[in-house]
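Colleague: Structure file data-v9.cif (mmCIF, C-alpha atoms) right here:
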```
data_structure
#
loop_
_atom_site.group_PDB
_atom_site.id
_atom_site.type_symbol
_atom_site.label_atom_id
_atom_site.label_comp_id
_atom_site.auth_asym_id
_atom_site.auth_seq_id
_atom_site.Cartn_x
_atom_site.Cartn_y
_atom_site.Cartn_z
ATOM 1 C CA MET W 97 -15.759 15.755 8.529
ATOM 2 C CA SER W 98 -14.462 19.138 9.621
ATOM 3 C CA LEU W 99 -13.016 21.625 7.148
ATOM 4 C CA PHE W 100 -9.571 21.124 8.694
ATOM 5 C CA ALA W 101 -9.848 17.357 8.271
ATOM 6 C CA LEU W 102 -10.756 17.785 4.590
ATOM 7 C CA PHE W 103 -7.750 20.068 4.095
ATOM 8 C CA TYR W 104 -5.522 17.597 5.907
ATOM 9 C CA MET W 105 -6.864 14.759 3.760
ATOM 10 C CA LEU W 106 -5.921 16.806 0.672
ATOM 11 C CA LEU W 107 -2.392 17.223 2.049
ATOM 12 C CA SER W 108 -2.272 13.484 2.637
ATOM 13 C CA TYR W 109 -3.299 12.917 -0.980
ATOM 14 C CA LEU W 110 -0.559 15.257 -2.217
ATOM 15 C CA LEU W 111 2.053 13.468 -0.112
ATOM 16 C CA GLY W 112 0.824 10.140 -1.453
ATOM 17 C CA SER W 113 1.166 11.504 -4.989
ATOM 18 C CA VAL W 114 4.946 11.781 -4.619
ATOM 19 C CA SER W 115 6.117 8.589 -6.317
ATOM 20 C CA SER W 116 9.226 7.331 -4.542
ATOM 21 C CA ALA W 117 9.632 4.538 -7.109
ATOM 22 C CA ILE W 118 9.916 6.954 -10.023
ATOM 23 C CA LEU W 119 12.107 9.465 -8.198
ATOM 24 C CA LEU W 120 14.507 6.925 -6.651
ATOM 25 C CA CYS W 121 14.863 5.038 -9.935
ATOM 26 C CA ARG W 122 15.841 8.296 -11.607
ATOM 27 C CA LEU W 123 18.439 8.970 -8.918
ATOM 28 C CA ALA W 124 19.823 5.417 -9.171
ATOM 29 C CA GLY W 125 19.919 5.450 -12.972
ATOM 30 C CA PHE W 126 17.367 2.641 -13.320
ATOM 31 C CA PRO W 127 14.700 2.531 -16.047
ATOM 32 C CA ASP W 128 11.392 4.246 -15.407
ATOM 33 C CA PRO W 129 9.251 1.670 -13.538
ATOM 34 C CA ARG W 130 6.202 2.874 -15.487
ATOM 35 C CA THR W 131 7.727 1.618 -18.727
ATOM 36 C CA SER W 132 9.807 -1.349 -17.506
ATOM 37 C CA GLY W 133 9.028 -4.702 -15.929
ATOM 38 C CA SER W 134 5.364 -4.791 -14.933
ATOM 39 C CA ASN W 135 4.999 -1.043 -15.645
ATOM 40 C CA ASN W 136 3.969 -0.509 -12.029
ATOM 41 C CA PRO W 137 5.751 2.201 -9.992
ATOM 42 C CA GLY W 138 6.101 0.194 -6.809
ATOM 43 C CA ALA W 139 8.734 -1.614 -4.748
ATOM 44 C CA THR W 140 8.073 -5.028 -6.308
ATOM 45 C CA ASN W 141 8.686 -3.743 -9.818
ATOM 46 C CA VAL W 142 11.774 -1.800 -8.727
ATOM 47 C CA LEU W 143 13.113 -5.101 -7.401
ATOM 48 C CA ARG W 144 12.248 -6.713 -10.721
ATOM 49 C CA ILE W 145 14.184 -4.182 -12.791
ATOM 50 C CA GLY W 146 17.339 -4.620 -10.785
ATOM 51 C CA GLY W 147 17.707 -2.816 -7.490
ATOM 52 C CA ARG W 148 17.238 -4.570 -4.157
ATOM 53 C CA TRP W 149 18.404 -1.659 -2.015
ATOM 54 C CA VAL W 150 16.454 0.860 -4.057
ATOM 55 C CA ALA W 151 13.413 -1.410 -3.833
ATOM 56 C CA LEU W 152 13.775 -1.457 -0.041
ATOM 57 C CA ALA W 153 14.047 2.341 0.016
ATOM 58 C CA VAL W 154 10.915 2.598 -2.141
ATOM 59 C CA LEU W 155 9.070 0.247 0.204
ATOM 60 C CA LEU W 156 9.989 2.300 3.278
ATOM 61 C CA CYS W 157 9.126 5.617 1.620
ATOM 62 C CA ASP W 158 5.780 4.310 0.401
ATOM 63 C CA MET W 159 4.923 3.048 3.881
ATOM 64 C CA LEU W 160 5.880 6.368 5.455
ATOM 65 C CA LYS W 161 3.566 8.188 3.034
ATOM 66 C CA GLY W 162 0.727 6.397 4.773
ATOM 67 C CA THR W 163 2.054 6.285 8.326
ATOM 68 C CA LEU W 164 3.084 9.915 8.814
ATOM 69 C CA PRO W 165 -0.221 11.631 7.916
ATOM 70 C CA VAL W 166 -2.208 9.231 10.097
ATOM 71 C CA TRP W 167 0.265 9.500 12.969
ATOM 72 C CA PHE W 168 0.297 13.291 12.965
ATOM 73 C CA GLY W 169 -3.464 13.384 12.422
ATOM 74 C CA TYR W 170 -3.903 11.417 15.624
ATOM 75 C CA TYR W 171 -1.939 14.022 17.586
ATOM 76 C CA LEU W 172 -3.847 16.817 15.856
ATOM 77 C CA GLY W 173 -7.032 15.455 17.365
ATOM 78 C CA LEU W 174 -8.774 14.073 14.296
ATOM 79 C CA THR W 175 -11.606 11.636 14.894
ATOM 80 C CA GLN W 176 -11.290 7.946 14.053
ATOM 81 C CA PHE W 177 -13.347 8.386 10.901
ATOM 82 C CA GLU W 178 -11.281 11.387 9.831
ATOM 83 C CA LEU W 179 -8.053 9.449 10.401
ATOM 84 C CA GLY W 180 -9.431 6.667 8.235
ATOM 85 C CA MET W 181 -10.220 9.142 5.466
ATOM 86 C CA VAL W 182 -6.702 10.584 5.768
ATOM 87 C CA ALA W 183 -5.352 7.067 5.244
ATOM 88 C CA LEU W 184 -7.624 6.710 2.220
ATOM 89 C CA GLY W 185 -6.335 10.040 0.890
ATOM 90 C CA ALA W 186 -2.714 8.860 1.077
ATOM 91 C CA CYS W 187 -3.597 5.652 -0.773
ATOM 92 C CA LEU W 188 -5.544 7.522 -3.442
ATOM 93 C CA GLY W 189 -2.536 9.780 -3.939
ATOM 94 C CA HIS W 190 -0.231 6.805 -4.432
ATOM 95 C CA ILE W 191 -2.622 5.065 -6.820
ATOM 96 C CA PHE W 192 -3.765 8.195 -8.703
ATOM 97 C CA PRO W 193 -0.874 10.672 -8.295
ATOM 98 C CA ILE W 194 -1.633 14.177 -9.490
ATOM 99 C CA PHE W 195 2.076 14.750 -10.192
ATOM 100 C CA PHE W 196 2.357 11.751 -12.547
ATOM 101 C CA LYS W 197 -0.793 11.943 -14.701
ATOM 102 C CA PHE W 198 -2.836 9.933 -12.177
ATOM 103 C CA LYS W 199 -0.985 6.702 -13.029
ATOM 104 C CA GLY W 200 0.535 5.275 -9.879
ATOM 105 C CA GLY W 201 1.202 2.061 -8.004
ATOM 106 C CA LYS W 202 -1.123 -0.414 -6.351
ATOM 107 C CA GLY W 203 -0.961 1.126 -2.917
ATOM 108 C CA VAL W 204 -0.088 -1.910 -0.801
ATOM 109 C CA ALA W 205 2.857 -0.439 1.121
ATOM 110 C CA THR W 206 1.124 2.922 1.562
ATOM 111 C CA ALA W 207 -2.060 1.254 2.804
ATOM 112 C CA PHE W 208 -0.192 -1.000 5.222
ATOM 113 C CA GLY W 209 1.762 2.010 6.478
ATOM 114 C CA ALA W 210 -1.454 3.964 6.993
ATOM 115 C CA ILE W 211 -3.218 1.118 8.804
ATOM 116 C CA ALA W 212 -0.236 0.200 11.000
ATOM 117 C CA PRO W 213 -0.647 3.028 13.600
ATOM 118 C CA ILE W 214 -4.189 1.879 14.480
ATOM 119 C CA ALA W 215 -3.028 -0.760 16.975
ATOM 120 C CA TRP W 216 -0.081 -3.072 17.587
ATOM 121 C CA GLY W 217 -2.400 -6.049 17.278
ATOM 122 C CA VAL W 218 -3.524 -4.921 13.832
ATOM 123 C CA LEU W 219 0.076 -4.375 12.726
ATOM 124 C CA PHE W 220 1.224 -7.780 13.967
ATOM 125 C CA SER W 221 -1.770 -9.605 12.455
ATOM 126 C CA MET W 222 -1.376 -7.809 9.146
ATOM 127 C CA LEU W 223 2.341 -8.506 8.780
ATOM 128 C CA SER W 224 1.974 -12.102 9.972
ATOM 129 C CA THR W 225 -0.734 -12.800 7.393
ATOM 130 C CA TRP W 226 1.257 -11.293 4.545
ATOM 131 C CA LEU W 227 4.431 -13.148 5.536
ATOM 132 C CA MET W 228 2.703 -16.501 6.041
ATOM 133 C CA VAL W 229 0.935 -16.394 2.668
ATOM 134 C CA PHE W 230 4.107 -15.209 0.957
ATOM 135 C CA LEU W 231 6.297 -17.952 2.444
ATOM 136 C CA ILE W 232 3.760 -20.607 1.477
ATOM 137 C CA SER W 233 2.943 -19.359 -2.030
ATOM 138 C CA GLY W 234 5.842 -17.139 -3.110
ATOM 139 C CA TYR W 235 3.353 -14.680 -4.632
ATOM 140 C CA SER W 236 3.572 -11.089 -3.418
ATOM 141 C CA SER W 237 0.274 -10.215 -5.085
ATOM 142 C CA LEU W 238 -1.595 -13.126 -3.498
ATOM 143 C CA SER W 239 -0.198 -12.154 -0.104
ATOM 144 C CA ALA W 240 -1.435 -8.593 -0.576
ATOM 145 C CA VAL W 241 -4.922 -9.647 -1.696
ATOM 146 C CA ILE W 242 -5.493 -12.154 1.112
ATOM 147 C CA THR W 243 -4.151 -9.706 3.694
ATOM 148 C CA ALA W 244 -6.424 -6.962 2.337
ATOM 149 C CA LEU W 245 -9.390 -9.319 2.678
ATOM 150 C CA LEU W 246 -8.570 -10.088 6.313
ATOM 151 C CA VAL W 247 -7.388 -6.706 7.614
ATOM 152 C CA PRO W 248 -10.928 -5.268 8.106
ATOM 153 C CA PHE W 249 -11.677 -8.198 10.426
ATOM 154 C CA TYR W 250 -8.467 -7.558 12.388
ATOM 155 C CA VAL W 251 -9.380 -3.893 12.697
ATOM 156 C CA TRP W 252 -12.925 -4.755 13.767
ATOM 157 C CA TRP W 253 -11.505 -6.981 16.503
ATOM 158 C CA PHE W 254 -8.960 -4.511 17.885
ATOM 159 C CA LYS W 255 -10.340 -1.073 16.938
ATOM 160 C CA PRO W 256 -13.883 -1.418 15.530
ATOM 161 C CA GLU W 257 -14.333 2.341 15.067
ATOM 162 C CA PHE W 258 -11.815 2.228 12.187
ATOM 163 C CA THR W 259 -13.470 -0.675 10.352
ATOM 164 C CA PHE W 260 -15.388 1.263 7.684
ATOM 165 C CA PRO W 261 -12.570 3.507 6.359
ATOM 166 C CA VAL W 262 -10.080 0.619 6.529
ATOM 167 C CA ALA W 263 -12.506 -1.566 4.569
ATOM 168 C CA LEU W 264 -12.665 1.165 1.888
ATOM 169 C CA VAL W 265 -8.867 1.173 1.649
ATOM 170 C CA CYS W 266 -8.766 -2.630 1.385
ATOM 171 C CA CYS W 267 -11.451 -2.684 -1.328
ATOM 172 C CA LEU W 268 -9.332 -0.213 -3.285
ATOM 173 C CA LEU W 269 -6.282 -2.473 -2.910
ATOM 174 C CA ILE W 270 -8.159 -5.534 -4.129
ATOM 175 C CA TYR W 271 -9.503 -3.596 -7.116
ATOM 176 C CA ARG W 272 -5.986 -2.476 -8.029
ATOM 177 C CA HIS W 273 -4.899 -6.132 -8.053
ATOM 178 C CA HIS W 274 -7.594 -7.330 -10.461
ATOM 179 C CA GLU W 275 -5.014 -8.025 -13.186
ATOM 180 C CA ASN W 276 -2.835 -9.974 -10.747
ATOM 181 C CA ILE W 277 -5.868 -11.981 -9.647
ATOM 182 C CA GLN W 278 -6.571 -12.903 -13.260
ATOM 183 C CA ARG W 279 -2.939 -13.951 -13.805
ATOM 184 C CA LEU W 280 -3.009 -16.002 -10.605
ATOM 185 C CA TRP W 281 -6.163 -17.730 -11.813
ATOM 186 C CA ARG W 282 -4.506 -18.541 -15.153
ATOM 187 C CA GLY W 283 -1.227 -19.595 -13.494
ATOM 188 C CA GLN W 284 0.697 -16.803 -15.221
ATOM 189 C CA GLU W 285 1.759 -14.738 -12.195
ATOM 190 C CA ASP W 286 5.500 -14.603 -11.418
ATOM 191 C CA LYS W 287 6.705 -15.715 -8.007
ATOM 192 C CA MET W 288 8.905 -13.380 -6.006
ATOM 193 C CA TRP W 289 11.675 -16.004 -5.880
ATOM 194 C CA SER W 290 12.171 -15.585 -9.650
ATOM 195 C CA LYS W 291 12.854 -11.879 -9.121
ATOM 196 C CA PHE W 292 15.590 -12.625 -6.595
ATOM 197 C CA LYS W 293 17.173 -15.155 -8.963
ATOM 198 C CA LYS W 294 17.320 -12.494 -11.641
#
```
Would you mind giving the structure from this file in structure tokens?
Modeller:
Amino acid sequence: MSLFALFYMLLSYLLGSVSSAILLCRLAGFPDPRTSGSNNPGATNVLRIGGRWVALAVLLCDMLKGTLPVWFGYYLGLTQFELGMVALGACLGHIFPIFFKFKGGKGVATAFGAIAPIAWGVLFSMLSTWLMVFLISGYSSLSAVITALLVPFYVWWFKPEFTFPVALVCCLLIYRHHENIQRLWRGQEDKMWSKFKK
């Protein structure tokens, strides 16, 4: 990686470290997502603690944290590998934010946002997988895990040069969902429908 790419990856990490869930909940007068609901500063937990529109705003902001650095990096002439590392930097920032004591969200929206600019085929396959699993199961976490497992194969099919860095991002996502995986195994995970009913 070039020195510029490393610097740009650091900027991507800093952007990822800006927690939209925490900041928007403060503006909306909602409880701190780190101490309410599932204690996870992400869109799903913001929905859980009572704000559909704020949850949607959090989702969009988290996706943009991944999309914008990769998009601009492409026009700045970064290599495929460097773009992948920039995407990883944004996800690391969201998961381990320097501005919030390195305790962040699970990185799903940021990772999807970062992977989306790779190719339209990847974006469509990724969203279709998540939506299909979610509609069948009702579990947001299960949808994220299965999609993360399959995305490297989608990337390999459409843009194989991005496979390695994308696989790193997806491994990070699966690791961050280890507690959800255990709850799913025990049948203790909440379905998204229950959050809407609340």
Colleague: Got a sec: who's within 7 Å of Met222 of chain W, counting only C-alpha atoms, leaving out chain neighbours fewer than 3 positions off, as a PyMOL selection string?
Modeller: chain W and resi 218-219+225-226+243+247
Colleague: When the PyMOL selection byres ((chain W and resi 258-265) around 9) is applied to the file above, which residues end up in the set, as a PyMOL selection string?
Modeller: chain W and resi 176-181+183-184+187-188+207+211+214+244-245+247-252+255-257+266-270
Colleague: Identify all residues satisfying the PyMOL selection byres ((chain W and resi 285) around 12) in the given file; provide them as number ranges by chain.
Modeller: W: 134, 233-238, 273, 275-284, 286-291
Colleague: Under the PyMOL selection byres ((chain W and resi 128-133) around 8), which residues of this model are included? Write them out as number ranges by chain.
Modeller: W: 117-118, 121-122, 126-127, 134-138, 141-142, 144-145
Colleague: Any idea what the distance is between atom CA of Leu110 of chain W and atom CA of Ala186 of chain W?
Modeller: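 Distance between the two atoms: 7.5 Å.
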Colleague: W:Leu227, W:Met97, W:Ala205, W:Met105: which is nearest Val182 of chain W, counting only C-alpha atoms?
Modeller: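 The closest residue to Val182 of chain W is W:Met105.
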Colleague: Using Å and a single decimal, report how far atom CA of Leu223 of chain W sits from atom CA of Ser115 of chain W.
Modeller: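 Between these atoms lies a distance of 23.1 Å.
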Colleague: Atom CA of Ser116 of chain W and atom CA of Lys161 of chain W are how many Å apart?
Modeller: 9.5 Å
Colleague: Between W:Ile242, W:Leu174, W:Leu111, W:Leu143, which is the closest to Phe195 of chain W once you count all atoms listed in the file?
Modeller: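 The answer is W:Leu111, which sits nearest to Phe195 of chain W.
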Colleague: Here is a test: counting all atoms listed in the file, which residue of W:Ser98, W:Thr163, W:Ser239, W:Ser113 is nearest to Ala212 of chain W?
Modeller: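 Nearest to Ala212 of chain W: W:Thr163.
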Colleague: Neighbours of Leu160 of chain W within 10 Å (only C-alpha atoms; same-chain residues fewer than 5 positions away dropped), as JSON, numbers by chain?
Modeller: {"W": [111, 112, 154, 155, 165, 166, 167, 186, 205, 206, 207, 208, 209, 210]}
Colleague: Closest to Gly162 of chain W among W:Val204, W:Ala101, W:Ala124, W:Ala215, using all atoms listed in the file?
Modeller: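 The closest residue to Gly162 of chain W is W:Val204.
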Colleague: Starting from the incomplete input, reconstruct N, CA and C atoms of segment 204-222 of chain W and report them as a PDB file, keeping the file's coordinate frame.
Modeller:
```pdb
ATOM      1  N   VAL W 204      -0.181  -0.953  -1.903  1.00  0.00           N
ATOM      2  CA  VAL W 204      -0.088  -1.910  -0.801  1.00  0.00           C
ATOM      3  C   VAL W 204       0.748  -1.355   0.348  1.00  0.00           C
ATOM      4  N   ALA W 205       1.976  -0.930   0.058  1.00  0.00           N
ATOM      5  CA  ALA W 205       2.857  -0.439   1.121  1.00  0.00           C
ATOM      6  C   ALA W 205       2.278   0.801   1.788  1.00  0.00           C
ATOM      7  N   THR W 206       1.710   1.707   1.003  1.00  0.00           N
ATOM      8  CA  THR W 206       1.124   2.922   1.562  1.00  0.00           C
ATOM      9  C   THR W 206      -0.070   2.591   2.451  1.00  0.00           C
ATOM     10  N   ALA W 207      -0.898   1.657   2.005  1.00  0.00           N
ATOM     11  CA  ALA W 207      -2.060   1.254   2.804  1.00  0.00           C
ATOM     12  C   ALA W 207      -1.633   0.576   4.098  1.00  0.00           C
ATOM     13  N   PHE W 208      -0.668  -0.330   4.018  1.00  0.00           N
ATOM     14  CA  PHE W 208      -0.192  -1.000   5.222  1.00  0.00           C
ATOM     15  C   PHE W 208       0.418   0.010   6.190  1.00  0.00           C
ATOM     16  N   GLY W 209       1.173   0.974   5.635  1.00  0.00           N
ATOM     17  CA  GLY W 209       1.762   2.010   6.478  1.00  0.00           C
ATOM     18  C   GLY W 209       0.706   2.870   7.153  1.00  0.00           C
ATOM     19  N   ALA W 210      -0.382   3.137   6.442  1.00  0.00           N
ATOM     20  CA  ALA W 210      -1.454   3.964   6.993  1.00  0.00           C
ATOM     21  C   ALA W 210      -2.263   3.224   8.048  1.00  0.00           C
ATOM     22  N   ILE W 211      -2.421   1.920   7.868  1.00  0.00           N
ATOM     23  CA  ILE W 211      -3.218   1.118   8.804  1.00  0.00           C
ATOM     24  C   ILE W 211      -2.417   0.758  10.047  1.00  0.00           C
ATOM     25  N   ALA W 212      -1.098   0.658   9.907  1.00  0.00           N
ATOM     26  CA  ALA W 212      -0.236   0.200  11.000  1.00  0.00           C
ATOM     27  C   ALA W 212      -0.405   0.966  12.309  1.00  0.00           C
ATOM     28  N   PRO W 213      -0.566   2.316  12.306  1.00  0.00           N
ATOM     29  CA  PRO W 213      -0.647   3.028  13.600  1.00  0.00           C
ATOM     30  C   PRO W 213      -1.929   2.761  14.379  1.00  0.00           C
ATOM     31  N   ILE W 214      -2.904   2.084  13.801  1.00  0.00           N
ATOM     32  CA  ILE W 214      -4.189   1.879  14.480  1.00  0.00           C
ATOM     33  C   ILE W 214      -3.996   1.143  15.799  1.00  0.00           C
ATOM     34  N   ALA W 215      -3.262   0.027  15.757  1.00  0.00           N
ATOM     35  CA  ALA W 215      -3.028  -0.760  16.975  1.00  0.00           C
ATOM     36  C   ALA W 215      -1.920  -1.760  16.698  1.00  0.00           C
ATOM     37  N   TRP W 216      -1.154  -2.092  17.755  1.00  0.00           N
ATOM     38  CA  TRP W 216      -0.081  -3.072  17.587  1.00  0.00           C
ATOM     39  C   TRP W 216      -0.634  -4.422  17.150  1.00  0.00           C
ATOM     40  N   GLY W 217      -1.799  -4.777  17.656  1.00  0.00           N
ATOM     41  CA  GLY W 217      -2.400  -6.049  17.278  1.00  0.00           C
ATOM     42  C   GLY W 217      -2.733  -6.112  15.803  1.00  0.00           C
ATOM     43  N   VAL W 218      -3.220  -4.989  15.264  1.00  0.00           N
ATOM     44  CA  VAL W 218      -3.524  -4.921  13.832  1.00  0.00           C
ATOM     45  C   VAL W 218      -2.240  -5.052  13.022  1.00  0.00           C
ATOM     46  N   LEU W 219      -1.204  -4.328  13.433  1.00  0.00           N
ATOM     47  CA  LEU W 219       0.076  -4.375  12.726  1.00  0.00           C
ATOM     48  C   LEU W 219       0.646  -5.785  12.713  1.00  0.00           C
ATOM     49  N   PHE W 220       0.670  -6.434  13.874  1.00  0.00           N
ATOM     50  CA  PHE W 220       1.224  -7.780  13.967  1.00  0.00           C
ATOM     51  C   PHE W 220       0.409  -8.769  13.130  1.00  0.00           C
ATOM     52  N   SER W 221      -0.908  -8.693  13.216  1.00  0.00           N
ATOM     53  CA  SER W 221      -1.770  -9.605  12.455  1.00  0.00           C
ATOM     54  C   SER W 221      -1.605  -9.399  10.956  1.00  0.00           C
ATOM     55  N   MET W 222      -1.507  -8.146  10.555  1.00  0.00           N
ATOM     56  CA  MET W 222      -1.376  -7.809   9.146  1.00  0.00           C
ATOM     57  C   MET W 222      -0.064  -8.340   8.565  1.00  0.00           C
TER      58      MET W 222
END
```
